[in-house]
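Structure file upload-v6.cif; described as mmCIF, C-alpha atoms, pLDDT in the B column; chains and numbers go by the auth columns.
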data_model
loop_
_atom_site.group_PDB
_atom_site.id
_atom_site.type_symbol
_atom_site.label_atom_id
_atom_site.label_comp_id
_atom_site.label_asym_id
_atom_site.label_seq_id
_atom_site.Cartn_x
_atom_site.Cartn_y
_atom_site.Cartn_z
_atom_site.B_iso_or_equiv
_atom_site.auth_seq_id
_atom_site.auth_asym_id
ATOM 1 C CA MET A 1 119.247 99.376 97.209 88.00 1 A
ATOM 2 C CA LEU A 2 120.825 96.265 95.752 89.00 2 A
ATOM 3 C CA ILE A 3 118.705 93.158 96.198 91.00 3 A
ATOM 4 C CA ILE A 4 120.407 89.892 95.300 89.00 4 A
ATOM 5 C CA ASN A 5 117.895 87.154 94.570 91.00 5 A
ATOM 6 C CA GLY A 6 119.552 83.793 94.078 87.00 6 A
ATOM 7 C CA GLY A 7 119.160 80.071 94.306 85.00 7 A
ATOM 8 C CA LEU A 8 119.396 76.923 92.274 82.00 8 A
ATOM 9 C CA PRO A 9 117.443 76.738 89.015 81.00 9 A
ATOM 10 C CA ARG A 10 113.789 75.784 89.630 85.00 10 A
ATOM 11 C CA SER A 11 114.021 76.901 93.289 87.00 11 A
ATOM 12 C CA GLY A 12 111.664 79.870 93.084 89.00 12 A
ATOM 13 C CA THR A 13 114.050 82.675 92.146 90.00 13 A
ATOM 14 C CA VAL A 14 111.853 84.039 89.358 91.00 14 A
ATOM 15 C CA LEU A 15 108.758 84.125 91.582 92.00 15 A
ATOM 16 C CA THR A 16 110.700 85.714 94.451 93.00 16 A
ATOM 17 C CA GLY A 17 112.186 88.336 92.131 93.00 17 A
ATOM 18 C CA ARG A 18 108.766 89.230 90.747 95.00 18 A
ATOM 19 C CA ILE A 19 107.283 89.555 94.227 95.00 19 A
ATOM 20 C CA ILE A 20 110.133 91.799 95.390 95.00 20 A
ATOM 21 C CA SER A 21 109.844 93.999 92.292 96.00 21 A
ATOM 22 C CA GLU A 22 106.073 94.313 92.571 96.00 22 A
ATOM 23 C CA VAL A 23 106.236 95.224 96.266 95.00 23 A
ATOM 24 C CA LEU A 24 108.741 97.985 95.473 94.00 24 A
ATOM 25 C CA ARG A 25 106.599 99.222 92.568 94.00 25 A
ATOM 26 C CA HIS A 26 103.540 99.209 94.823 95.00 26 A
ATOM 27 C CA TYR A 27 105.359 101.751 96.980 93.00 27 A
ATOM 28 C CA SER A 28 106.175 103.847 93.874 92.00 28 A
ATOM 29 C CA CYS A 29 109.806 102.786 93.738 92.00 29 A
ATOM 30 C CA GLN A 30 111.484 102.382 90.381 91.00 30 A
ATOM 31 C CA VAL A 31 113.089 98.981 89.969 93.00 31 A
ATOM 32 C CA GLU A 32 115.642 97.638 87.521 91.00 32 A
ATOM 33 C CA ASN A 33 115.707 93.854 87.131 92.00 33 A
ATOM 34 C CA ILE A 34 118.994 92.290 86.043 91.00 34 A
ATOM 35 C CA ASN A 35 119.541 88.616 85.272 90.00 35 A
ATOM 36 C CA LEU A 36 123.143 87.386 85.433 84.00 36 A
ATOM 37 C CA ASP A 37 124.016 83.755 84.910 73.00 37 A
ATOM 38 C CA SER A 38 127.693 83.301 85.709 72.00 38 A
ATOM 39 C CA VAL A 39 129.832 83.838 88.795 69.00 39 A
ATOM 40 C CA ASN A 40 132.223 86.130 86.895 73.00 40 A
ATOM 41 C CA ARG A 41 129.427 88.328 85.571 81.00 41 A
ATOM 42 C CA VAL A 42 127.803 88.563 89.013 80.00 42 A
ATOM 43 C CA ALA A 43 131.089 89.434 90.727 78.00 43 A
ATOM 44 C CA LYS A 44 131.908 92.107 88.129 82.00 44 A
ATOM 45 C CA PHE A 45 128.443 93.624 88.355 84.00 45 A
ATOM 46 C CA VAL A 46 128.498 93.735 92.163 81.00 46 A
ATOM 47 C CA LYS A 47 131.933 95.381 92.201 80.00 47 A
ATOM 48 C CA ARG A 48 130.825 97.923 89.621 83.00 48 A
ATOM 49 C CA ALA A 49 127.595 98.644 91.532 81.00 49 A
ATOM 50 C CA VAL A 50 129.492 99.104 94.800 77.00 50 A
ATOM 51 C CA HIS A 51 132.218 101.349 93.371 80.00 51 A
ATOM 52 C CA SER A 52 129.911 103.461 91.199 84.00 52 A
ATOM 53 C CA GLY A 53 127.434 103.951 94.014 80.00 53 A
ATOM 54 C CA ILE A 54 124.575 102.949 91.699 80.00 54 A
ATOM 55 C CA ALA A 55 123.005 100.886 94.486 71.00 55 A
ATOM 56 C CA ASN A 56 122.657 104.066 96.545 74.00 56 A
ATOM 57 C CA TYR A 57 120.246 105.725 94.125 77.00 57 A
ATOM 58 C CA LYS A 58 118.668 102.830 92.211 85.00 58 A
ATOM 59 C CA ASN A 59 116.669 99.813 93.304 91.00 59 A
ATOM 60 C CA ILE A 60 118.234 96.848 91.559 91.00 60 A
ATOM 61 C CA VAL A 61 116.945 93.292 91.812 93.00 61 A
ATOM 62 C CA LEU A 62 119.785 91.020 90.684 90.00 62 A
ATOM 63 C CA HIS A 63 118.618 87.516 89.755 90.00 63 A
ATOM 64 C CA THR A 64 121.274 84.801 89.687 87.00 64 A
ATOM 65 C CA HIS A 65 121.866 81.093 89.964 81.00 65 A
ATOM 66 C CA SER A 66 125.593 81.629 90.521 74.00 66 A
ATOM 67 C CA TRP A 67 127.257 82.083 93.858 72.00 67 A
ATOM 68 C CA ALA A 68 130.841 82.037 95.059 68.00 68 A
ATOM 69 C CA ASP A 69 132.201 82.321 98.601 65.00 69 A
ATOM 70 C CA GLY A 70 132.774 85.926 99.567 69.00 70 A
ATOM 71 C CA GLU A 71 131.311 87.226 96.325 71.00 71 A
ATOM 72 C CA PHE A 72 128.791 89.526 97.959 76.00 72 A
ATOM 73 C CA ASN A 73 130.772 90.570 101.047 77.00 73 A
ATOM 74 C CA GLU A 74 131.674 93.923 99.517 73.00 74 A
ATOM 75 C CA ALA A 75 128.058 94.604 98.592 76.00 75 A
ATOM 76 C CA LEU A 76 126.875 93.662 102.087 79.00 76 A
ATOM 77 C CA SER A 77 129.276 96.188 103.590 75.00 77 A
ATOM 78 C CA LEU A 78 127.232 98.952 101.900 72.00 78 A
ATOM 79 C CA GLY A 79 124.402 98.433 104.341 76.00 79 A
ATOM 80 C CA ASN A 80 121.737 98.813 101.648 83.00 80 A
ATOM 81 C CA THR A 81 122.096 95.319 100.194 86.00 81 A
ATOM 82 C CA LYS A 82 119.687 92.491 100.875 88.00 82 A
ATOM 83 C CA ILE A 83 120.135 88.884 99.831 87.00 83 A
ATOM 84 C CA PHE A 84 117.312 86.417 99.284 87.00 84 A
ATOM 85 C CA TRP A 85 118.563 82.877 98.804 87.00 85 A
ATOM 86 C CA ASN A 86 115.891 80.456 97.634 88.00 86 A
ATOM 87 C CA TYR A 87 116.207 76.864 98.749 85.00 87 A
ATOM 88 C CA ARG A 88 114.455 73.854 97.317 86.00 88 A
ATOM 89 C CA ASP A 89 115.267 70.203 97.872 89.00 89 A
ATOM 90 C CA PRO A 90 117.614 69.144 95.031 86.00 90 A
ATOM 91 C CA ARG A 91 115.437 66.079 94.416 89.00 91 A
ATOM 92 C CA ASP A 92 112.478 68.354 93.676 91.00 92 A
ATOM 93 C CA ILE A 93 114.635 70.451 91.365 88.00 93 A
ATOM 94 C CA LEU A 94 115.641 67.285 89.500 91.00 94 A
ATOM 95 C CA VAL A 95 112.016 66.249 88.980 92.00 95 A
ATOM 96 C CA SER A 96 111.058 69.774 87.929 90.00 96 A
ATOM 97 C CA LEU A 97 113.840 69.885 85.337 90.00 97 A
ATOM 98 C CA MET A 98 112.747 66.520 83.970 92.00 98 A
ATOM 99 C CA LYS A 99 109.030 67.374 83.786 92.00 99 A
ATOM 100 C CA LEU A 100 109.074 71.025 82.768 87.00 100 A
ATOM 101 C CA HIS A 101 112.153 70.998 80.547 87.00 101 A
ATOM 102 C CA ASP A 102 111.951 67.456 79.195 91.00 102 A
ATOM 103 C CA LEU A 103 115.463 66.628 80.355 92.00 103 A
ATOM 104 C CA SER A 104 116.574 63.062 80.826 95.00 104 A
ATOM 105 C CA TYR A 105 117.432 61.878 84.326 95.00 105 A
ATOM 106 C CA ASP A 106 121.159 61.964 83.469 95.00 106 A
ATOM 107 C CA ASP A 107 121.049 65.484 81.995 93.00 107 A
ATOM 108 C CA ALA A 108 118.945 66.853 84.860 91.00 108 A
ATOM 109 C CA SER A 109 121.244 65.190 87.434 91.00 109 A
ATOM 110 C CA LYS A 110 124.337 66.724 85.851 90.00 110 A
ATOM 111 C CA LEU A 111 122.750 70.178 85.884 85.00 111 A
ATOM 112 C CA VAL A 112 121.714 69.910 89.536 84.00 112 A
ATOM 113 C CA VAL A 113 125.171 68.660 90.583 85.00 113 A
ATOM 114 C CA LYS A 114 126.870 71.433 88.584 79.00 114 A
ATOM 115 C CA HIS A 115 124.845 74.119 90.335 73.00 115 A
ATOM 116 C CA ILE A 116 125.188 72.565 93.785 73.00 116 A
ATOM 117 C CA GLN A 117 128.974 72.548 93.357 67.00 117 A
ATOM 118 C CA THR A 118 128.980 76.307 92.676 61.00 118 A
ATOM 119 C CA VAL A 119 127.040 77.085 95.853 56.00 119 A
#
Let's see the structure in the file written out as structure tokens.
Amino acid sequence: MLIINGGLPRSGTVLTGRIISEVLRHYSCQVENINLDSVNRVAKFVKRAVHSGIANYKNIVLHTHSWADGEFNEALSLGNTKIFWNYRDPRDILVSLMKLHDLSYDDASKLVVKHIQTV
């Protein structure tokens, strides 16, 4: 099964990915966690996973902050793909970036806008 776990940075993707992985492990399923950070890398991985059939015999939790229209359509057609999209108010993400990563308001704003534009 291919599980795509995505969202904006600081939206809960890491927590969600850990919960999904631990639930699968609880049921004695082996899980491979993969973290991809760019639209091109995600698209290439999904195509490779679909064409190789790897998602039919492995449980893969793909963590990403990148998303492009239609990117996961091919994976969804497999029938064994699930997508979890984490949402958090962009204002909360901005504050989180400023407090936890010591970013200035301007730098945090640019990062939030950049990621919102890719969604």
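Proximity ranking of A:Tyr57, A:Trp67, A:Trp85, A:Tyr27 relative to Asn40 in chain A places A:Trp67 first, based on only C-alpha atoms.
Among the candidates A:Val42, A:Leu8, A:Leu24, A:Leu2, the one nearest to Leu94 in chain A when counting only C-alpha atoms is A:Leu8.
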Expand the PyMOL selection byres ((chain A and resi 103-112) around 10) into the explicit residue set it covers here, and present it as an MDAnalysis selection string. chainID A and resid 8:10 90:91 93:102 113:117
Separation of CA of Leu76 in chain A from CA of Ala43 in chain A, in Å and rounded to one decimal: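 The value is 12.8 Å.
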For Lys82 in chain A, the nearest of the candidates A:Ser66, A:Leu15, A:Leu36, A:Val61, counting all atoms listed in the file: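 Of the candidates, the smallest distance to Lys82 in chain A is held by A:Val61.
Reported to one decimal place, the separation of CA of Met1 in chain A from CA of Cys29 in chain A is 10.6 Å.
The interatomic distance for the pair CA of Glu22 in chain A and CA of Ile54 in chain A works out to 20.4 Å.
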Skip Ile60 in chain A itself and residues of its chain fewer than 2 positions away, then list as an MDAnalysis selection string all residues within 9 Å of it, counting only C-alpha atoms. chainID A and resid 1:4 21 30:34 54:55 58 62
Answer key for the PyMOL selection byres ((chain A and resi 13) around 10), residues as an NGL selection string: :A and (5-12 or 14-19 or 63-65 or 84-87)
